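Report on the following structure.
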Amino acid sequence: MAQFEGKTALVTGGTAGIGRAVVRRLVEEGAHVLVVGRRSEALDDAAAEFGDAVTTVQGDVTVEGDVSRVFDAVRNRGGLDIVFANAGGGEFAPLGTITWEHYANTFNANVGGVINTVQGALPFLAAGSSVILTGSSTDSKGKRAFSVYAATKAAIRSLGRSWAVELAEKGIRVNVVAPGPTGTPGLSGLAASPEQAEALLDGLALGVPMRRLGTPDEIANAVVWLASPQSGFVTGTVLRVDGGESQV
């Protein structure tokens with residue numbers, strides 16, 4: 001039997017990149033997945049791929065009304081066993097060009113959305129549940145023109161540790177998966193043109209000891225492990241899936 005047979009998972013930012021790969025792996029392992037995303041066409045595509053194994057919910061987890069709709073769908077499922085709080089993003093802004101809007105939008109998306117997701121999920125999580133937050137190797141490394149994004153991921157690292165302490169007595173584990181540079185549409189989308197995207201990805205790969213980018217499937221495998229009973233004595237940790245970028 002698949003290890004998540006009869007389990008329900010919630011994945012935010014689940015229509016592309018790492019989120020989509022995690023949805024695919026959870027479905028393969030038998031879970032029913034509530035897939036949250038902002039774009040209706042991407043949700044339709046997920047529904048076409050996964051069929052009855054998923055429930056799609058259109059929404060932005062930084063918007064109160066949308067958050068309520070997400071957890072109405074969770075309530076209809078009867079509860080949650082796995083939460084992957086993954087929605088977020090960023091853009092380049094060198095020091096001297098950082099605006100209030102850039103700061104507020106980045107923190108709202110990457111920190112506020114995670115807080116909304118985990119707090120909303122709490123009433124539906126029983127002992128044995130697993131919460132995984134998407135961090136980044138940037139949480140501990142200086143990154144040119146990416147300081148605000150990196151600060152949000154340092155905040156995620158801190159939230160994961162604090163929530164692990166708060167929820168341990170309820171039997172709920174909280175961990176952070178911290179990818180390094182990963183070949184996703186979101187990463188390529190930071191560049192202004194295909195040529196600049198190629199140069200960006202090549203440059204990022206050179207900064208990784210393994211001299212390549214990660215793949216969404218490699219990150220998804222780590223998330224599935226953190227969600228599973230195989231990691232039952234793991235909480236409050238940051239699992240770095242970054243080709244050694246932040247370690248050596």
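Residues are named by chain letter and number: chains run A, B, ... in the order of the structure tokens, numbers start at 1 in each chain, and ligands are numbered from 1 in the order shown.
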From the DSSP assignment of the backbone, select every residue of segment 7-182 of chain A that is strand (DSSP E or B), and format the answer as a ChimeraX atom specification.
/A:8-12,32-37,54-58,80-85,125-134,173-179,182
Written file, previous selection with N, CA and C atoms, as a CSV table (one decimal), in the first residue's frame:
chain,number,residue,atom,x,y,z
A,8,THR,N,-4.7,13.1,3.7
A,8,THR,CA,-5.0,14.4,2.9
A,8,THR,C,-3.9,15.4,3.1
A,9,ALA,N,-3.5,15.9,2.0
A,9,ALA,CA,-2.4,16.9,2.1
A,9,ALA,C,-2.9,18.3,1.5
A,10,LEU,N,-2.3,19.3,1.9
A,10,LEU,CA,-2.5,20.7,1.4
A,10,LEU,C,-1.2,21.2,0.8
A,11,VAL,N,-1.2,21.6,-0.4
A,11,VAL,CA,0.0,22.2,-1.0
A,11,VAL,C,-0.4,23.6,-1.6
A,12,THR,N,0.3,24.6,-1.1
A,12,THR,CA,0.1,25.9,-1.6
A,12,THR,C,1.2,26.2,-2.7
A,32,HIS,N,-4.7,12.2,-1.1
A,32,HIS,CA,-5.5,13.2,-1.7
A,32,HIS,C,-5.0,14.6,-1.4
A,33,VAL,N,-4.8,15.4,-2.5
A,33,VAL,CA,-4.1,16.6,-2.3
A,33,VAL,C,-5.0,17.8,-2.7
A,34,LEU,N,-5.1,18.8,-1.8
A,34,LEU,CA,-5.7,20.0,-2.1
A,34,LEU,C,-4.7,20.9,-2.6
A,35,VAL,N,-4.8,21.3,-3.9
A,35,VAL,CA,-3.8,22.1,-4.6
A,35,VAL,C,-4.3,23.5,-4.7
A,36,VAL,N,-3.5,24.4,-4.1
A,36,VAL,CA,-3.9,25.9,-4.1
A,36,VAL,C,-3.0,26.6,-5.0
A,37,GLY,N,-3.6,27.5,-5.8
A,37,GLY,CA,-2.9,28.3,-6.8
A,37,GLY,C,-3.7,29.5,-7.2
A,54,VAL,N,-7.0,14.9,-6.7
A,54,VAL,CA,-6.7,16.3,-6.2
A,54,VAL,C,-8.1,17.0,-6.1
A,55,THR,N,-8.1,18.0,-5.2
A,55,THR,CA,-9.1,19.1,-5.2
A,55,THR,C,-8.4,20.4,-5.4
A,56,THR,N,-8.8,21.1,-6.4
A,56,THR,CA,-8.1,22.4,-6.7
A,56,THR,C,-8.9,23.6,-6.1
A,57,VAL,N,-8.1,24.5,-5.6
A,57,VAL,CA,-8.7,25.7,-4.9
A,57,VAL,C,-8.0,26.9,-5.5
A,58,GLN,N,-8.7,27.8,-6.1
A,58,GLN,CA,-8.1,29.0,-6.6
A,58,GLN,C,-8.0,30.0,-5.5
A,80,LEU,N,-6.6,17.3,7.8
A,80,LEU,CA,-5.3,17.3,7.1
A,80,LEU,C,-4.3,16.4,7.8
A,81,ASP,N,-3.4,15.9,7.1
A,81,ASP,CA,-2.3,15.1,7.6
A,81,ASP,C,-1.0,15.7,7.3
A,82,ILE,N,-0.9,16.4,6.1
A,82,ILE,CA,0.3,17.0,5.6
A,82,ILE,C,0.0,18.4,5.1
A,83,VAL,N,0.9,19.4,5.5
A,83,VAL,CA,0.8,20.7,4.9
A,83,VAL,C,2.2,21.1,4.3
A,84,PHE,N,2.1,21.5,3.1
A,84,PHE,CA,3.4,22.0,2.4
A,84,PHE,C,3.1,23.4,2.1
A,85,ALA,N,3.6,24.3,2.9
A,85,ALA,CA,3.4,25.8,2.7
A,85,ALA,C,4.5,26.3,1.8
A,125,LEU,N,-5.3,19.6,12.0
A,125,LEU,CA,-4.2,18.8,12.1
A,125,LEU,C,-4.2,18.0,13.4
A,126,ALA,N,-4.1,16.7,13.3
A,126,ALA,CA,-4.1,15.8,14.5
A,126,ALA,C,-2.6,15.4,14.8
A,127,ALA,N,-2.5,14.7,15.9
A,127,ALA,CA,-1.1,14.1,16.3
A,127,ALA,C,-0.7,13.2,15.1
A,128,GLY,N,0.6,13.4,14.8
A,128,GLY,CA,1.2,12.6,13.7
A,128,GLY,C,1.3,13.4,12.4
A,129,SER,N,0.7,14.6,12.4
A,129,SER,CA,0.7,15.4,11.2
A,129,SER,C,2.1,16.0,11.0
A,130,SER,N,2.3,16.4,9.7
A,130,SER,CA,3.6,17.0,9.4
A,130,SER,C,3.4,18.3,8.6
A,131,VAL,N,4.1,19.3,9.0
A,131,VAL,CA,4.0,20.6,8.3
A,131,VAL,C,5.4,20.9,7.8
A,132,ILE,N,5.5,21.2,6.5
A,132,ILE,CA,6.8,21.5,5.9
A,132,ILE,C,6.7,22.9,5.2
A,133,LEU,N,7.7,23.7,5.5
A,133,LEU,CA,7.7,25.1,5.0
A,133,LEU,C,8.8,25.2,3.9
A,134,THR,N,8.6,26.0,2.9
A,134,THR,CA,9.7,26.1,1.9
A,134,THR,C,10.6,27.3,2.3
A,173,ARG,N,4.8,17.7,13.8
A,173,ARG,CA,6.1,18.1,13.4
A,173,ARG,C,6.2,19.2,12.4
A,174,VAL,N,7.2,20.1,12.6
A,174,VAL,CA,7.3,21.2,11.7
A,174,VAL,C,8.8,21.3,11.2
A,175,ASN,N,9.0,21.2,9.9
A,175,ASN,CA,10.3,21.3,9.4
A,175,ASN,C,10.4,22.2,8.1
A,176,VAL,N,11.6,22.6,7.8
A,176,VAL,CA,11.8,23.5,6.6
A,176,VAL,C,12.6,22.7,5.6
A,177,VAL,N,12.2,22.7,4.3
A,177,VAL,CA,13.0,22.2,3.3
A,177,VAL,C,13.6,23.5,2.6
A,178,ALA,N,15.0,23.5,2.4
A,178,ALA,CA,15.7,24.7,1.9
A,178,ALA,C,16.4,24.3,0.6
A,179,PRO,N,15.7,24.5,-0.5
A,179,PRO,CA,16.3,24.2,-1.8
A,179,PRO,C,17.4,25.2,-2.1
A,182,THR,N,17.2,25.9,-8.2
A,182,THR,CA,16.4,24.8,-8.8
A,182,THR,C,15.8,25.2,-10.1
Run DSSP on the backbone and give me the residues of segment 144-220 of chain A it puts in alpha helix (DSSP H), as a PyMOL selection string.
chain A and resi 147-168+185-188+194-206+216-220
Provide the atom CA of Asn116 of chain A to atom CA of Trp163 of chain A distance in Å, to one decimal place.
13.3 Å
Nearest to Lys143 of chain A, chosen from A:Leu190, A:Leu204, A:Val23, A:Ala220, with only C-alpha atoms counted in the distances:
A:Leu204
